[in-house]
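What follows is model-v7.tsv (TSV, C-alpha atoms).
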chain	number	residue	atom	x	y	z
W	1	MET	CA	0.00	0.00	0.00
W	2	GLU	CA	1.52	3.27	-1.08
W	3	GLU	CA	1.61	6.27	1.27
W	4	VAL	CA	-1.09	8.82	0.46
W	5	GLU	CA	-0.40	12.52	0.64
W	6	ILE	CA	-3.33	14.35	2.25
W	7	PRO	CA	-4.08	17.82	0.85
W	8	GLN	CA	-3.12	20.40	3.47
W	9	TYR	CA	-6.45	22.22	3.31
W	10	PHE	CA	-8.26	18.99	4.30
W	11	LEU	CA	-6.58	19.13	7.73
W	12	CYS	CA	-7.99	20.95	10.76
W	13	PRO	CA	-5.56	23.66	12.00
W	14	ILE	CA	-6.25	22.54	15.60
W	15	SER	CA	-6.25	18.72	15.48
W	16	LEU	CA	-4.18	18.37	12.29
W	17	MET	CA	-6.54	15.54	11.30
W	18	ILE	CA	-8.80	15.22	8.24
W	19	MET	CA	-11.91	17.29	8.91
W	20	LYS	CA	-15.12	15.27	9.28
W	21	ASP	CA	-17.38	18.31	9.60
W	22	PRO	CA	-15.60	21.43	8.33
W	23	VAL	CA	-17.05	24.74	9.57
W	24	THR	CA	-15.90	28.28	8.87
W	25	THR	CA	-15.67	30.93	11.59
W	26	VAL	CA	-16.38	34.65	11.15
W	27	THR	CA	-12.62	35.13	10.72
W	28	GLY	CA	-12.76	33.08	7.50
W	29	ILE	CA	-10.75	30.11	8.80
W	30	THR	CA	-12.15	26.57	8.48
W	31	TYR	CA	-11.83	24.05	11.33
W	32	ASP	CA	-13.33	20.69	12.18
W	33	ARG	CA	-16.51	21.38	14.16
W	34	GLU	CA	-15.57	19.20	17.13
W	35	SER	CA	-12.16	20.85	17.49
W	36	ILE	CA	-13.33	24.48	17.32
W	37	GLU	CA	-16.30	23.86	19.59
W	38	MET	CA	-14.00	22.29	22.18
W	39	TRP	CA	-11.65	25.27	21.81
W	40	LEU	CA	-14.49	27.74	22.47
W	41	LEU	CA	-15.90	25.67	25.34
W	42	THR	CA	-12.51	25.45	27.07
W	43	ALA	CA	-12.02	29.20	26.69
W	44	GLU	CA	-15.46	29.89	28.18
W	45	GLU	CA	-14.95	27.55	31.14
W	46	GLU	CA	-11.47	28.86	31.94
W	47	ALA	CA	-12.52	32.50	31.40
W	48	THR	CA	-9.20	33.18	29.66
W	49	THR	CA	-8.27	35.38	26.72
W	50	MET	CA	-8.33	32.25	24.57
W	51	MET	CA	-11.69	33.23	22.98
W	52	THR	CA	-9.88	34.03	19.77
W	53	CYS	CA	-9.36	32.38	16.41
W	54	PRO	CA	-6.44	29.95	16.81
W	55	VAL	CA	-4.99	30.96	13.43
W	56	THR	CA	-5.67	34.70	13.07
W	57	LYS	CA	-5.87	35.52	16.83
W	58	GLN	CA	-8.92	37.67	16.08
W	59	LYS	CA	-11.80	37.61	18.57
W	60	LEU	CA	-14.44	34.91	18.09
W	61	PRO	CA	-18.07	35.08	19.27
W	62	ARG	CA	-19.10	32.44	21.83
W	63	ASP	CA	-22.20	31.36	19.89
W	64	ILE	CA	-21.44	28.10	18.07
W	65	GLU	CA	-24.43	28.74	15.80
W	66	LEU	CA	-22.23	31.29	14.02
W	67	LEU	CA	-20.04	28.43	12.78
W	68	THR	CA	-20.98	28.01	9.10
W	69	PRO	CA	-20.85	24.49	7.59
W	70	ASN	CA	-18.39	24.39	4.67
W	71	HIS	CA	-20.38	22.05	2.44
W	72	MET	CA	-18.11	22.42	-0.60
W	73	LEU	CA	-14.97	21.45	1.32
W	74	ARG	CA	-16.79	18.51	2.99
W	75	ARG	CA	-17.85	17.16	-0.43
W	76	LEU	CA	-14.28	17.49	-1.73
W	77	ILE	CA	-12.96	15.59	1.30
W	78	GLN	CA	-15.60	12.86	0.87
W	79	ALA	CA	-14.81	12.52	-2.85
W	80	TRP	CA	-11.07	12.31	-2.11
W	81	CYS	CA	-11.67	9.64	0.55
W	82	ILE	CA	-13.72	7.54	-1.89
W	83	ALA	CA	-11.04	7.88	-4.58
W	84	ASN	CA	-8.40	6.68	-2.12
W	85	ALA	CA	-10.45	3.89	-0.53
W	86	SER	CA	-8.09	1.28	-2.03
W	87	ASN	CA	-5.28	2.88	-0.02
W	88	GLY	CA	-7.07	2.34	3.30
W	89	ILE	CA	-8.78	5.74	3.53
W	90	ASP	CA	-12.19	5.58	5.21
W	91	ARG	CA	-15.08	7.59	3.79
W	92	ILE	CA	-16.17	10.57	5.90
W	93	PRO	CA	-19.94	10.26	6.63
W	94	THR	CA	-22.22	13.23	6.10
W	95	PRO	CA	-22.68	14.85	9.54
W	96	LYS	CA	-26.01	15.58	11.21
W	97	TYR	CA	-26.15	19.27	11.92
W	98	PRO	CA	-27.28	20.65	15.28
W	99	LEU	CA	-30.62	22.38	15.50
W	100	ASN	CA	-31.12	26.01	14.75
W	101	LYS	CA	-32.71	27.74	17.77
W	102	SER	CA	-34.82	30.05	15.67
W	103	HIS	CA	-36.31	27.07	13.82
W	104	ILE	CA	-37.17	25.30	17.10
W	105	LEU	CA	-38.58	28.48	18.59
W	106	ARG	CA	-40.87	28.78	15.59
W	107	LEU	CA	-42.10	25.20	16.10
W	108	VAL	CA	-42.73	25.87	19.81
W	109	ARG	CA	-44.83	28.91	18.93
W	110	GLN	CA	-46.81	26.82	16.44
W	111	VAL	CA	-47.78	24.42	19.28
W	112	ASN	CA	-50.09	27.20	20.51
W	113	ASN	CA	-51.72	27.47	17.10
W	114	HIS	CA	-54.77	25.19	16.76
W	115	GLN	CA	-54.19	24.60	13.04
W	116	LEU	CA	-50.41	24.09	13.19
W	117	CYS	CA	-49.90	22.38	16.58
W	118	VAL	CA	-50.16	18.73	15.49
W	119	GLU	CA	-47.60	19.05	12.71
W	120	ALA	CA	-45.30	21.10	14.96
W	121	LEU	CA	-45.48	18.47	17.71
W	122	ARG	CA	-44.67	15.71	15.25
W	123	LYS	CA	-41.63	17.59	13.98
W	124	ILE	CA	-40.39	18.20	17.53
W	125	ASP	CA	-41.04	14.55	18.34
W	126	VAL	CA	-38.84	13.44	15.43
W	127	LEU	CA	-36.01	15.63	16.74
W	128	VAL	CA	-36.43	14.14	20.23
W	129	ILE	CA	-36.36	10.56	18.94
W	130	GLU	CA	-32.94	11.23	17.37
W	131	ASN	CA	-31.66	11.36	20.98
W	132	ASN	CA	-28.98	13.89	20.12
W	133	GLU	CA	-27.62	15.69	23.21
W	134	LYS	CA	-27.13	18.96	21.32
W	135	ASN	CA	-30.69	18.77	20.08
W	136	LYS	CA	-31.94	18.11	23.61
W	137	LYS	CA	-30.05	21.10	25.00
W	138	CYS	CA	-31.41	23.34	22.26
W	139	LEU	CA	-34.98	22.13	22.91
W	140	GLU	CA	-34.58	22.80	26.64
W	141	GLU	CA	-33.28	26.31	26.07
W	142	VAL	CA	-36.22	27.42	23.93
W	143	GLY	CA	-38.81	26.33	26.52
W	144	VAL	CA	-40.16	23.08	25.09
W	145	ILE	CA	-41.13	21.73	28.54
W	146	LYS	CA	-43.27	24.78	29.27
W	147	ALA	CA	-44.99	24.46	25.88
W	148	MET	CA	-45.74	20.76	26.50
W	149	VAL	CA	-47.18	21.48	29.96
W	150	SER	CA	-49.50	24.12	28.48
W	151	PHE	CA	-50.62	21.77	25.70
W	152	ILE	CA	-51.33	18.87	28.10
W	153	ILE	CA	-53.32	21.07	30.51
W	154	LYS	CA	-55.26	22.63	27.63
W	155	SER	CA	-56.20	19.16	26.34
W	156	CYS	CA	-57.56	18.28	29.77
W	157	LYS	CA	-59.56	21.47	30.18
W	158	GLU	CA	-61.15	20.98	26.76
W	159	ARG	CA	-62.00	17.42	27.86
W	160	LYS	CA	-60.93	15.80	24.61
W	161	LEU	CA	-58.04	13.58	23.63
W	162	VAL	CA	-56.68	15.79	20.89
W	163	ASN	CA	-54.24	14.71	18.19
W	164	GLY	CA	-50.68	15.38	19.24
W	165	LEU	CA	-51.18	14.42	22.90
W	166	GLU	CA	-49.07	11.28	22.54
W	167	GLU	CA	-46.24	13.32	21.04
W	168	ALA	CA	-46.52	16.03	23.72
W	169	LEU	CA	-46.25	13.48	26.55
W	170	ARG	CA	-43.30	11.72	24.91
W	171	ILE	CA	-41.48	15.01	24.26
W	172	PHE	CA	-41.94	16.05	27.91
W	173	HIS	CA	-40.60	12.76	29.25
W	174	HIS	CA	-37.55	12.60	26.99
W	175	ILE	CA	-36.58	16.26	27.29
W	176	TRP	CA	-37.27	16.53	31.04
W	177	SER	CA	-34.38	17.45	33.32
W	178	GLN	CA	-34.46	18.72	36.89
W	179	THR	CA	-33.45	22.28	36.17
W	180	THR	CA	-34.53	25.05	38.54
W	181	GLU	CA	-36.87	26.44	35.90
W	182	ASN	CA	-38.54	23.08	35.22
W	183	ILE	CA	-38.97	22.30	38.90
W	184	GLN	CA	-40.58	25.68	39.52
W	185	LEU	CA	-42.92	25.02	36.61
W	186	VAL	CA	-44.30	21.71	37.93
W	187	LYS	CA	-43.71	21.39	41.68
W	188	GLU	CA	-47.00	23.12	42.62
W	189	ASN	CA	-48.82	22.51	39.35
W	190	VAL	CA	-52.09	20.88	40.43
W	191	ASP	CA	-53.55	21.44	36.95
W	192	LEU	CA	-50.85	19.25	35.40
W	193	ILE	CA	-51.49	16.45	37.92
W	194	GLU	CA	-55.22	16.61	37.21
W	195	ALA	CA	-54.62	16.61	33.46
W	196	ILE	CA	-52.47	13.47	33.64
W	197	LEU	CA	-55.00	11.79	35.93
W	198	TRP	CA	-57.74	12.57	33.41
W	199	ILE	CA	-55.68	11.03	30.62
W	200	LEU	CA	-55.12	7.86	32.68
W	201	LYS	CA	-58.85	7.55	33.38
W	202	SER	CA	-59.99	8.23	29.82
W	203	ASP	CA	-61.27	5.50	27.52
W	204	MET	CA	-59.31	5.27	24.31
W	205	THR	CA	-59.70	3.19	21.19
W	206	LYS	CA	-56.31	4.00	19.68
W	207	ASN	CA	-52.78	3.82	21.13
W	208	GLN	CA	-54.21	3.42	24.64
W	209	VAL	CA	-51.23	1.57	26.13
W	210	ILE	CA	-48.72	3.97	24.55
W	211	ILE	CA	-50.49	7.18	25.63
W	212	LYS	CA	-51.15	5.98	29.18
W	213	THR	CA	-47.58	4.75	29.51
W	214	GLN	CA	-46.26	8.15	28.41
W	215	ALA	CA	-48.67	9.84	30.84
W	216	MET	CA	-47.32	7.71	33.70
W	217	MET	CA	-43.74	8.59	32.76
W	218	VAL	CA	-44.60	12.29	32.89
W	219	LEU	CA	-46.37	11.83	36.22
W	220	LYS	CA	-43.30	10.09	37.64
W	221	ASN	CA	-41.12	13.00	36.50
W	222	VAL	CA	-43.49	15.48	38.13
W	223	THR	CA	-44.03	13.77	41.51
W	224	GLY	CA	-40.29	13.25	41.82
W	225	VAL	CA	-39.86	17.03	42.27
W	226	SER	CA	-43.31	18.02	43.59
W	227	SER	CA	-43.59	19.99	46.82
W	228	SER	CA	-44.73	18.33	50.06
W	229	ASN	CA	-47.77	20.62	49.92
W	230	LEU	CA	-48.87	19.23	46.54
W	231	LEU	CA	-48.14	15.59	47.45
W	232	SER	CA	-49.94	15.73	50.80
W	233	GLY	CA	-53.02	17.16	49.07
W	234	LEU	CA	-53.47	14.31	46.57
W	235	HIS	CA	-57.02	12.94	46.53
W	236	PRO	CA	-58.02	9.28	47.13
W	237	GLU	CA	-59.07	8.96	43.47
W	238	PHE	CA	-55.47	9.70	42.49
W	239	PHE	CA	-54.25	6.65	44.40
W	240	GLN	CA	-57.15	4.58	43.12
W	241	GLU	CA	-55.93	5.24	39.59
W	242	MET	CA	-52.39	4.17	40.53
W	243	VAL	CA	-53.88	0.92	41.87
W	244	ASN	CA	-55.82	0.51	38.61
W	245	ILE	CA	-52.50	0.70	36.75
W	246	LEU	CA	-51.12	-2.12	38.92
W	247	ARG	CA	-54.27	-4.17	38.31
W	248	LYS	CA	-54.05	-3.64	34.54
W	249	GLU	CA	-50.45	-4.86	34.55
W	250	SER	CA	-51.54	-8.25	35.85
W	251	LYS	CA	-54.11	-8.40	33.03
W	252	HIS	CA	-51.58	-7.18	30.39
W	253	HIS	CA	-53.60	-4.05	29.62
W	254	ILE	CA	-50.74	-1.69	30.43
W	255	SER	CA	-46.98	-1.73	29.96
W	256	GLN	CA	-44.47	-2.73	32.63
W	257	GLN	CA	-42.89	0.70	32.19
W	258	ALA	CA	-46.17	2.30	33.31
W	259	THR	CA	-46.34	-0.09	36.26
W	260	LYS	CA	-42.86	0.94	37.40
W	261	GLY	CA	-43.93	4.56	37.05
W	262	ALA	CA	-47.02	3.99	39.21
W	263	LEU	CA	-44.95	2.23	41.88
W	264	GLN	CA	-42.42	5.07	41.97
W	265	VAL	CA	-45.23	7.62	42.28
W	266	LEU	CA	-46.59	5.71	45.30
W	267	ILE	CA	-43.14	5.70	46.88
W	268	ASP	CA	-42.77	9.46	46.33
W	269	ALA	CA	-46.21	10.09	47.87
W	270	CYS	CA	-45.99	7.74	50.89
W	271	PRO	CA	-44.15	10.05	53.33
W	272	TRP	CA	-46.61	12.95	53.07
W	273	GLY	CA	-49.83	13.69	54.94
W	274	ARG	CA	-52.30	10.79	55.18
W	275	ASN	CA	-51.16	9.31	51.89
W	276	LYS	CA	-50.27	5.91	53.34
W	277	HIS	CA	-53.83	5.63	54.70
W	278	LYS	CA	-55.24	6.67	51.32
W	279	ILE	CA	-53.08	4.12	49.50
W	280	ILE	CA	-54.15	1.34	51.87
W	281	GLU	CA	-57.83	2.30	51.53
W	282	SER	CA	-57.51	2.13	47.73
W	283	GLY	CA	-56.79	-1.60	47.96
W	284	ALA	CA	-53.14	-1.23	46.97
W	285	ILE	CA	-51.71	-3.93	49.23
W	286	PHE	CA	-53.75	-6.74	47.67
W	287	GLU	CA	-52.79	-5.61	44.14
W	288	LEU	CA	-49.12	-5.22	45.10
W	289	ILE	CA	-48.97	-8.79	46.38
W	290	GLU	CA	-50.87	-10.12	43.35
W	291	LEU	CA	-48.48	-8.26	41.06
W	292	GLU	CA	-45.41	-9.62	42.84
W	293	LEU	CA	-46.69	-13.20	42.82
W	294	CYS	CA	-46.43	-13.31	39.02
W	295	ASN	CA	-43.56	-10.86	38.58
W	296	THR	CA	-40.15	-11.85	37.19
W	297	GLU	CA	-38.55	-8.41	36.81
W	298	LYS	CA	-35.97	-7.28	39.39
W	299	ARG	CA	-36.81	-3.57	39.41
W	300	VAL	CA	-40.54	-4.23	39.87
W	301	SER	CA	-39.75	-6.41	42.92
W	302	GLU	CA	-37.61	-3.66	44.43
W	303	LEU	CA	-40.38	-1.10	43.99
W	304	VAL	CA	-43.21	-3.37	45.19
W	305	LEU	CA	-41.42	-4.33	48.40
W	306	CYS	CA	-40.46	-0.71	49.03
W	307	VAL	CA	-44.14	0.35	48.88
W	308	LEU	CA	-45.18	-2.58	51.10
W	309	ALA	CA	-42.49	-1.67	53.64
W	310	HIS	CA	-43.91	1.86	53.84
W	311	LEU	CA	-47.49	0.64	54.23
W	312	CYS	CA	-46.71	-2.04	56.81
W	313	THR	CA	-45.58	0.64	59.26
W	314	LEU	CA	-49.31	1.25	59.86
W	315	ALA	CA	-51.64	-1.16	61.69
W	316	ASP	CA	-54.16	-1.03	58.83
W	317	GLY	CA	-51.41	-1.82	56.37
W	318	ARG	CA	-50.25	-4.85	58.33
W	319	ALA	CA	-53.84	-6.07	58.68
W	320	GLU	CA	-54.38	-5.84	54.89
W	321	PHE	CA	-51.03	-7.51	54.25
W	322	LEU	CA	-51.90	-10.46	56.51
W	323	LYS	CA	-55.33	-10.86	54.89
W	324	HIS	CA	-53.64	-12.01	51.70
W	325	ALA	CA	-52.65	-15.67	51.92
W	326	GLY	CA	-49.53	-15.05	49.81
W	327	GLY	CA	-48.18	-11.95	51.57
W	328	ILE	CA	-45.60	-13.46	53.92
W	329	SER	CA	-44.76	-16.15	51.38
W	330	VAL	CA	-43.88	-13.80	48.53
W	331	VAL	CA	-41.79	-11.52	50.77
W	332	THR	CA	-39.94	-14.58	52.07
W	333	LYS	CA	-39.34	-15.87	48.55
W	334	ARG	CA	-37.83	-12.56	47.39
W	335	THR	CA	-35.42	-12.32	50.35
W	336	LEU	CA	-31.79	-13.02	49.32
W	337	ARG	CA	-32.89	-13.54	45.70
W	338	VAL	CA	-33.23	-10.09	44.16
W	339	SER	CA	-31.03	-7.30	45.55
W	340	SER	CA	-29.78	-5.75	48.78
W	341	SER	CA	-32.52	-3.09	48.67
W	342	THR	CA	-35.17	-5.82	48.37
W	343	ASP	CA	-33.60	-7.67	51.33
W	344	ASP	CA	-33.76	-4.46	53.37
W	345	CYS	CA	-37.46	-3.94	52.61
W	346	ALA	CA	-38.31	-7.62	53.14
W	347	ILE	CA	-36.71	-7.74	56.60
W	348	GLN	CA	-38.39	-4.44	57.44
W	349	ILE	CA	-41.79	-5.94	56.52
W	350	LEU	CA	-41.17	-9.15	58.48
W	351	GLY	CA	-39.93	-7.06	61.40
W	352	SER	CA	-43.06	-4.88	61.41
W	353	ILE	CA	-45.29	-7.95	61.26
W	354	SER	CA	-43.44	-9.88	63.97
W	355	LYS	CA	-43.20	-6.88	66.30
W	356	CYS	CA	-46.72	-5.49	66.07
W	357	SER	CA	-48.94	-8.24	64.62
W	358	ALA	CA	-47.36	-11.43	65.95
W	359	THR	CA	-50.35	-13.61	66.73
W	360	LYS	CA	-49.83	-17.36	67.10
W	361	GLU	CA	-51.29	-17.86	63.61
W	362	VAL	CA	-48.92	-15.30	62.08
W	363	LEU	CA	-45.85	-16.83	63.75
W	364	MET	CA	-46.83	-20.30	62.57
W	365	GLU	CA	-47.38	-18.94	59.04
W	366	MET	CA	-43.88	-17.44	59.08
W	367	LEU	CA	-42.53	-20.83	60.09
W	368	ARG	CA	-44.62	-22.73	57.53
W	369	VAL	CA	-43.64	-20.63	54.48
W	370	GLY	CA	-39.94	-20.56	55.37
W	371	ALA	CA	-39.65	-17.00	56.69
W	372	VAL	CA	-37.93	-18.17	59.87
W	373	SER	CA	-35.43	-20.28	57.94
W	374	LYS	CA	-34.77	-17.32	55.64
W	375	LEU	CA	-34.05	-15.09	58.66
W	376	CYS	CA	-31.43	-17.63	59.77
W	377	MET	CA	-29.93	-17.52	56.28
W	378	VAL	CA	-29.75	-13.72	56.40
W	379	ILE	CA	-27.63	-13.94	59.54
W	380	GLN	CA	-25.22	-16.29	57.79
W	381	ALA	CA	-25.21	-14.52	54.41
W	382	SER	CA	-22.99	-11.65	53.30
W	383	CYS	CA	-25.55	-9.00	54.25
W	384	GLY	CA	-24.96	-5.74	56.07
W	385	ASP	CA	-24.51	-5.93	59.85
W	386	TYR	CA	-27.61	-3.79	60.42
W	387	LEU	CA	-29.70	-6.29	58.43
W	388	LYS	CA	-28.27	-9.23	60.35
W	389	LYS	CA	-29.11	-7.48	63.62
W	390	LYS	CA	-32.73	-6.97	62.50
W	391	ALA	CA	-33.01	-10.66	61.63
W	392	MET	CA	-31.45	-11.67	64.96
W	393	ASP	CA	-33.86	-9.45	66.86
W	394	ILE	CA	-36.87	-11.08	65.17
W	395	LEU	CA	-35.54	-14.59	65.88
W	396	LYS	CA	-34.70	-13.76	69.47
W	397	THR	CA	-38.08	-12.18	70.16
W	398	HIS	CA	-40.03	-15.22	68.99
W	399	SER	CA	-37.61	-18.06	69.66
W	400	TYR	CA	-40.10	-19.49	72.18
W	401	ALA	CA	-42.58	-20.07	69.35
W	402	TRP	CA	-40.10	-21.46	66.83
W	403	SER	CA	-37.60	-23.40	68.97
W	404	ASN	CA	-39.29	-26.77	68.34
W	405	SER	CA	-38.92	-26.51	64.59
W	406	PRO	CA	-36.41	-29.16	63.35
W	407	CYS	CA	-35.16	-26.85	60.57
W	408	ILE	CA	-33.89	-24.19	62.97
W	409	GLN	CA	-33.78	-25.82	66.39
W	410	VAL	CA	-30.02	-26.41	66.60
W	411	TYR	CA	-29.15	-22.97	65.23
W	412	LEU	CA	-31.62	-21.11	67.42
W	413	LEU	CA	-30.83	-22.92	70.66
W	414	THR	CA	-27.07	-22.52	70.25
W	415	ARG	CA	-27.53	-18.82	69.57
W	416	TYR	CA	-29.91	-18.17	72.45
W	417	PRO	CA	-29.52	-21.08	74.95
W	418	GLU	CA	-31.11	-19.05	77.73
W	419	GLN	CA	-34.42	-19.14	75.86
Would it be possible to restate this file's structure as structure tokens?
Amino acid sequence: MEEVEIPQYFLCPISLMIMKDPVTTVTGITYDRESIEMWLLTAEEEATTMMTCPVTKQKLPRDIELLTPNHMLRRLIQAWCIANASNGIDRIPTPKYPLNKSHILRLVRQVNNHQLCVEALRKIDVLVIENNEKNKKCLEEVGVIKAMVSFIIKSCKERKLVNGLEEALRIFHHIWSQTTENIQLVKENVDLIEAILWILKSDMTKNQVIIKTQAMMVLKNVTGVSSSNLLSGLHPEFFQEMVNILRKESKHHISQQATKGALQVLIDACPWGRNKHKIIESGAIFELIELELCNTEKRVSELVLCVLAHLCTLADGRAEFLKHAGGISVVTKRTLRVSSSTDDCAIQILGSISKCSATKEVLMEMLRVGAVSKLCMVIQASCGDYLKKKAMDILKTHSYAWSNSPCIQVYLLTRYPEQ
């Protein structure tokens, strides 16, 4: 293979490599986009006098949108690469150019126009699906989140599932980031919560699973940053709808992604006001156990047991938990089989039950389904010391009831001979 001489004007003055995406600055010098953008970014971060053209030393504006693509030079480089392919030269692919803010701003304004909104939303959605970080940043800067919130609330107030709603929900979820501006926009926004709840409750004949899944993803984003005031004021019907999502999962009428969203929303809401009572009254504990009995996904197990651990801190929660014949069994089965966080929640649940609801029947049920044996295994496993101590405390407290069991008798009596 003979050595190929690369034309000098194909090389970036900064990297000295063949330019993949040549752009020309206002000083008239052409650089590879990645190199000049990094040069400008470094200058901005270090606040130095380096905000100049590397070749001419003239001042350069900070705005990278003022970098003009040099299409003619790029085509020449691509043609040269193709001509020299036999010499091991790879073809330079045509680059995807970052968004123009003015173009995106125009699309955002069209979202407020009844005649143009659907097409505008679809165009924004296409840009979002590309999953380009520069595109995402540009969309954030022009206020796409605010526009989507307004569109979603407007759809709810008009009480109709308008075209474009699916796109608006998806755009919100994929563009969402916890910036100060976004948090301020949604943390007290009761109208947005009510709009999403209305979407979840609505009957749909088209794209039902997709739209409701996107709605749940948005709701999860919102409750994750909502104020304690908003969360403590959630109505019982809100939690009833979350339980409906869990019920639909077991019947395959909703996606697992939506189920995870509903579980996370319950976790976010649990600490505030009387929410745990409201969740229990909505029948959540039965549905959580039913869901976990047929679940095979690790993250779902972690979320389900976390919610149950919250709810079992209340007497009503423990009573509902014990009403289900599979409650203790499924918690026992998940212990030491899923993750450390699941183990933590499982031991917390068993601890709450054995401390506050330890009737003779409950203790015998724990023994029958293997919960006592699993507690012994926790002590011997590579768990955290705090978890081992919790397991020891449960065993010690009720050793009188379990000491005659052949599966744990030797272990228990050697640990606590005085009992």
* Could you give me, as a list in words, the residues within 8 Å of stretch 120-129 of chain W, counting only C-alpha atoms and dropping anything in the same chain fewer than 2 positions from it? => Ile104, Leu107, Val108, Gln110, Val111, Leu116, Cys117, Val118, Asn131, Asn132, Asn135, Lys136, Gly164, Glu167, Ala168, Arg170, Ile171, His174 and Ile175 of chain W
* Nearest to W:Ile285 by atom-to-atom distance, counting all atoms listed in the file, from W:Gln257, W:Ala262, W:Ala319, W:Pro93 ->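 Of W:Gln257, W:Ala262, W:Ala319, W:Pro93, the one nearest W:Ile285, counting all atoms listed in the file, is W:Ala319.
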* Using all atoms listed in the file, determine which residues lie at most 10 Å from stretch 13-19 of chain W, disregarding the query and same-chain residues fewer than 5 positions distant; provide the list as a ChimeraX atom specification. => /W:6-8,29-36,39,54-55,73-74,77-78,81,92
* **Residue with smallest distance to W:Asn100 - pool W:Met216, W:Ala195, W:Cys356, W:Val142, counting only C-alpha atoms** =>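 Looking only at the distances to W:Asn100, the closest residue turns out to be W:Val142.
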* Asked: Given the choices W:Gln240, W:Leu363, W:Ile347, W:Ser373, which gets closest to W:Lys389 if the distance is worked out from all atoms listed in the file?
  ->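 Ranked by minimum distance to W:Lys389, first place goes to W:Ile347.
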* Counting all atoms listed in the file, which of W:Leu387, W:Leu303, W:Val330, W:Ala215 gets nearest to W:Ile267? ->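 Of all the options, W:Leu303 lies closest to W:Ile267.
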* To do: Identify which of the residues W:Leu263, W:Val190, W:Val218, W:Ile210 lies closest to W:Leu231, counting all atoms listed in the file when measuring atom-to-atom distances.
  =>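 The shortest atom-to-atom distance to W:Leu231 comes from W:Val190.
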* **Interatomic distance, atom CA of W:Thr179 to atom CA of W:Thr223 (Å, one decimal)** =>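 Between these atoms lies a distance of 14.6 Å.
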